[in-house]
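So this one's upload36.txt, compact mmCIF, C-alpha atoms:
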# COMPACT_ATOMS: atom_id res chain seq x y z
CA MET H 9 0.00 0.00 0.00
CA LYS H 10 2.90 2.37 0.81
CA THR H 11 4.35 1.78 -2.66
CA PHE H 12 1.01 2.60 -4.29
CA LEU H 13 0.62 5.83 -2.29
CA LEU H 14 4.19 6.88 -3.04
CA ALA H 15 3.65 6.22 -6.76
CA ALA H 16 0.36 8.17 -6.72
CA ALA H 17 1.98 11.11 -4.91
CA THR H 18 4.90 11.15 -7.37
CA LEU H 19 2.51 11.11 -10.32
CA ALA H 20 0.42 13.93 -8.85
CA LEU H 21 3.55 16.10 -8.52
CA ALA H 22 4.62 15.36 -12.10
CA VAL H 23 1.33 16.55 -13.65
CA PRO H 24 1.15 20.36 -14.03
CA ALA H 25 -1.87 22.17 -12.68
CA LEU H 26 -4.51 22.36 -15.40
CA ALA H 27 -6.33 25.47 -14.26
CA ALA H 28 -4.14 28.49 -13.68
CA ASP H 29 -6.33 31.34 -12.53
CA LEU H 30 -6.62 33.33 -15.75
CA GLU H 31 -8.69 36.47 -16.26
CA VAL H 32 -9.18 37.99 -19.72
CA SER H 33 -10.17 41.67 -19.93
CA GLY H 34 -10.18 44.62 -22.31
CA ALA H 35 -10.61 42.44 -25.41
CA PHE H 36 -11.25 44.13 -28.76
CA ILE H 37 -10.60 43.75 -32.49
CA ARG H 38 -10.06 46.66 -34.83
CA ALA H 39 -12.63 47.15 -37.61
CA THR H 40 -11.25 46.45 -41.08
CA PRO H 41 -11.72 48.14 -44.47
CA LYS H 42 -13.76 46.14 -47.00
CA ALA H 43 -10.69 44.96 -48.93
CA ALA H 44 -8.71 43.85 -45.85
CA VAL H 45 -7.65 40.22 -45.65
CA ALA H 46 -6.50 40.36 -42.01
CA GLY H 47 -7.47 41.95 -38.70
CA ALA H 48 -5.83 42.34 -35.29
CA GLY H 49 -7.17 41.61 -31.81
CA PHE H 50 -5.97 42.79 -28.43
CA LEU H 51 -6.60 41.91 -24.77
CA THR H 52 -5.03 41.50 -21.35
CA VAL H 53 -4.61 38.14 -19.61
CA ARG H 54 -3.94 38.21 -15.86
CA ASN H 55 -2.60 35.11 -14.12
CA SER H 56 -3.26 35.10 -10.38
CA GLY H 57 -2.02 31.51 -10.13
CA LYS H 58 1.33 30.27 -8.83
CA GLN H 59 2.47 28.74 -12.15
CA ASP H 60 3.53 30.49 -15.33
CA ASP H 61 1.29 29.81 -18.31
CA LYS H 62 1.40 30.57 -22.03
CA LEU H 63 -1.17 31.61 -24.59
CA VAL H 64 -0.42 29.03 -27.29
CA GLY H 65 -3.17 29.69 -29.80
CA ALA H 66 -6.61 30.99 -30.64
CA THR H 67 -9.47 30.04 -32.94
CA SER H 68 -12.41 31.90 -34.43
CA ASP H 69 -14.86 31.43 -37.27
CA VAL H 70 -14.27 34.95 -38.69
CA SER H 71 -11.09 33.90 -40.52
CA LYS H 72 -9.48 30.85 -42.05
CA LEU H 73 -6.41 31.18 -39.82
CA VAL H 74 -5.68 32.71 -36.40
CA GLU H 75 -2.08 33.30 -35.29
CA LEU H 76 -0.25 34.88 -32.38
CA HIS H 77 2.03 37.73 -33.50
CA THR H 78 4.53 40.20 -32.09
CA HIS H 79 6.40 43.20 -33.48
CA VAL H 80 10.20 43.07 -33.75
CA LYS H 81 12.60 45.79 -34.81
CA ASP H 82 14.41 44.89 -38.04
CA GLY H 83 16.97 47.67 -38.52
CA GLU H 84 14.87 50.82 -38.46
CA VAL H 85 11.62 49.04 -39.39
CA MET H 86 9.11 47.32 -37.10
CA ARG H 87 7.87 44.03 -38.57
CA MET H 88 5.22 41.57 -37.49
CA ARG H 89 6.33 38.03 -36.72
CA LYS H 90 4.38 34.91 -35.85
CA VAL H 91 5.18 33.49 -32.40
CA ASP H 92 4.41 30.05 -30.99
CA ALA H 93 3.34 31.38 -27.57
CA ILE H 94 2.92 34.48 -25.43
CA ALA H 95 4.06 34.17 -21.81
CA VAL H 96 1.54 34.81 -19.02
CA PRO H 97 3.71 34.86 -15.87
CA ALA H 98 2.43 33.69 -12.48
CA GLY H 99 1.15 36.69 -10.55
CA GLY H 100 1.51 38.83 -13.67
CA ALA H 101 -0.13 39.65 -16.97
CA ALA H 102 0.31 39.54 -20.73
CA ASP H 103 -0.82 42.71 -22.49
CA LEU H 104 -1.67 42.18 -26.14
CA LYS H 105 -1.82 45.73 -27.49
CA PRO H 106 -1.27 47.74 -30.68
CA GLY H 107 2.43 47.85 -31.54
CA GLY H 108 3.19 44.72 -29.50
CA ASP H 109 1.88 41.19 -29.09
CA HIS H 110 -1.53 40.58 -30.70
CA ILE H 111 -3.85 38.02 -32.27
CA MET H 112 -3.98 38.05 -36.09
CA PHE H 113 -7.11 36.94 -37.92
CA ILE H 114 -5.86 35.97 -41.39
CA ASP H 115 -7.99 35.41 -44.51
CA LEU H 116 -11.08 37.12 -43.12
CA LYS H 117 -14.35 35.68 -44.36
CA ALA H 118 -15.96 39.16 -44.26
CA PRO H 119 -14.92 42.65 -43.13
CA LEU H 120 -14.97 43.24 -39.36
CA LYS H 121 -17.46 46.06 -38.72
CA ASP H 122 -17.59 48.49 -35.79
CA GLY H 123 -20.16 47.17 -33.30
CA ASP H 124 -19.81 43.48 -34.23
CA LYS H 125 -18.86 40.93 -31.58
CA VAL H 126 -16.48 38.10 -32.46
CA PRO H 127 -16.39 34.84 -30.48
CA VAL H 128 -12.78 33.72 -29.94
CA THR H 129 -11.42 30.68 -28.11
CA LEU H 130 -8.05 31.29 -26.48
CA LYS H 131 -5.86 28.23 -25.87
CA PHE H 132 -3.47 28.16 -22.92
CA GLU H 133 -0.69 25.63 -22.28
CA LYS H 134 -1.87 24.87 -18.72
CA GLY H 135 -5.15 26.77 -18.32
CA GLY H 136 -6.94 25.06 -21.20
CA GLU H 137 -9.45 26.95 -23.33
CA VAL H 138 -11.08 30.28 -22.48
CA LYS H 139 -13.93 31.61 -24.62
CA VAL H 140 -14.22 35.38 -24.98
CA GLU H 141 -16.39 37.69 -27.08
CA MET H 142 -14.29 40.44 -28.65
CA PRO H 143 -16.12 43.63 -29.68
CA VAL H 144 -15.08 45.20 -32.98
CA VAL H 145 -14.14 48.89 -32.63
CA GLY H 146 -13.44 51.69 -35.12
CA LEU H 147 -10.30 51.61 -37.28
CA GLY H 148 -8.39 54.29 -35.34
CA SER H 149 -9.00 52.81 -31.90
CA MET H 150 -5.96 52.11 -29.71
CA ALA H 151 -7.90 50.70 -26.75
CA ALA H 152 -10.97 48.75 -25.81
CA PRO H 153 -14.27 50.61 -26.18
CA GLY H 154 -15.14 52.76 -23.15
CA GLY H 155 -11.86 51.97 -21.38
CA MET H 156 -12.20 48.98 -19.04
CA ASP H 157 -15.32 47.05 -19.96
CA HIS H 158 -16.04 44.85 -16.96
CA SER H 159 -18.57 42.78 -18.90
CA GLN H 160 -15.65 41.34 -20.87
CA HIS H 161 -13.90 39.84 -17.82
CA MET H 162 -13.74 36.08 -18.13
CA LYS H 163 -12.27 33.89 -15.42
CA HIS H 164 -11.14 30.37 -16.05
Conversion result in structure tokens:
Amino acid sequence: MKTFLLAAATLALAVPALAADLEVSGAFIRATPKAAVAGAGFLTVRNSGKQDDKLVGATSDVSKLVELHTHVKDGEVMRMRKVDAIAVPAGGAADLKPGGDHIMFIDLKAPLKDGDKVPVTLKFEKGGEVKVEMPVVGLGSMAAPGGMDHSQHMKH
């Protein structure tokens, strides 16, 4: 019996926690012109858990492909690059914002119009999937509509 309990305890320690305490807020996507083939989404993920996590992907029906991107300086030019993950540190946050990390919706099925709401499923390495509804805001917007929209908070 001791051997069984020791094996069970060892296995329990080897398996990472599945549900880091993640909170998504301030989510929005910029509206796109009619001819646009891609759009960008932004949000903040807070991790109040004790383990680091990573945003490893996202899905949505508004485009054929959804990727995680960042901006990197290439000489004097800022360029977008696909990344495999975005770190969400324990006790910290990941801010996906214009000019930095963001979610790219590639090969849009239709233009994203101001006032629309887009369902998106975020995929985390440890925290699993979190569903969020991202409002579409005007082309020039640099922040979520109305500042902090508490109705967009999602805890997982």
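Relative to atom CA of H:Met88, atom CA of H:Ala101 is found at 21.3 Å.
Nearest residue to H:Ala48 among H:Glu141, H:Asp103, H:Glu75, H:Asp82 is H:Glu75, counting only C-alpha atoms.
Take atom CA of H:Asp29 and atom CA of H:Lys62: the distance between them is 12.3 Å.
Comparing the minimum interatomic distances between H:Lys125 and each of H:Phe50, H:Val145, H:Ser33, H:Asp92, counting all atoms listed in the file, we find that H:Val145 sits nearest.
Between H:Leu130 and the residues H:Pro41, H:Gly99, H:Gly49, H:Gly108, the shortest atom-to-atom distance, using all atoms listed in the file, involves H:Gly49.
Rounded to one decimal, atom CA of H:Ala35 and atom CA of H:Val85 lie 27.1 Å from each other.
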Next on the checklist: List as a ChimeraX atom specification the residues having at least one atom at most 12 Å from position (-8.5, 22.8, -23.6) as given in the file, counting all atoms listed in the file.
Outcome noted: /H:26-27,63-67,129-139,164
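Excluding H:Ala43 itself and same-chain residues fewer than 4 positions from it, the residues having an atom within 12 Å of it are Ala39, Gly47, Asp115, Leu116, Lys117, Ala118, Pro119 and Leu120 of chain H, counting all atoms listed in the file.
Using all atoms listed in the file, the shortest contact distance between H:Asp69 and any of H:Val45, H:Asn55, H:Gly107, H:Val126 is found at H:Val126.
The residue that comes closest to H:Gly100, out of H:Val53, H:Met112, H:Ile37, H:Val140 and on the basis of all atoms listed in the file, is H:Val53.
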Next on the checklist: Taking 6 positions as the minimum chain separation for residues in the same chain, which residues sit within 10 Å of H:Leu51 when counting all atoms listed in the file? Answer as a ChimeraX atom specification.
Outcome noted: /H:32-37,102-106,109-111,142,151-152,160
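With all atoms listed in the file as the basis for measurement, H:Ile114 is the residue among H:Gly146, H:Ile114, H:Val91, H:Gly123 that approaches H:Lys72 most closely.
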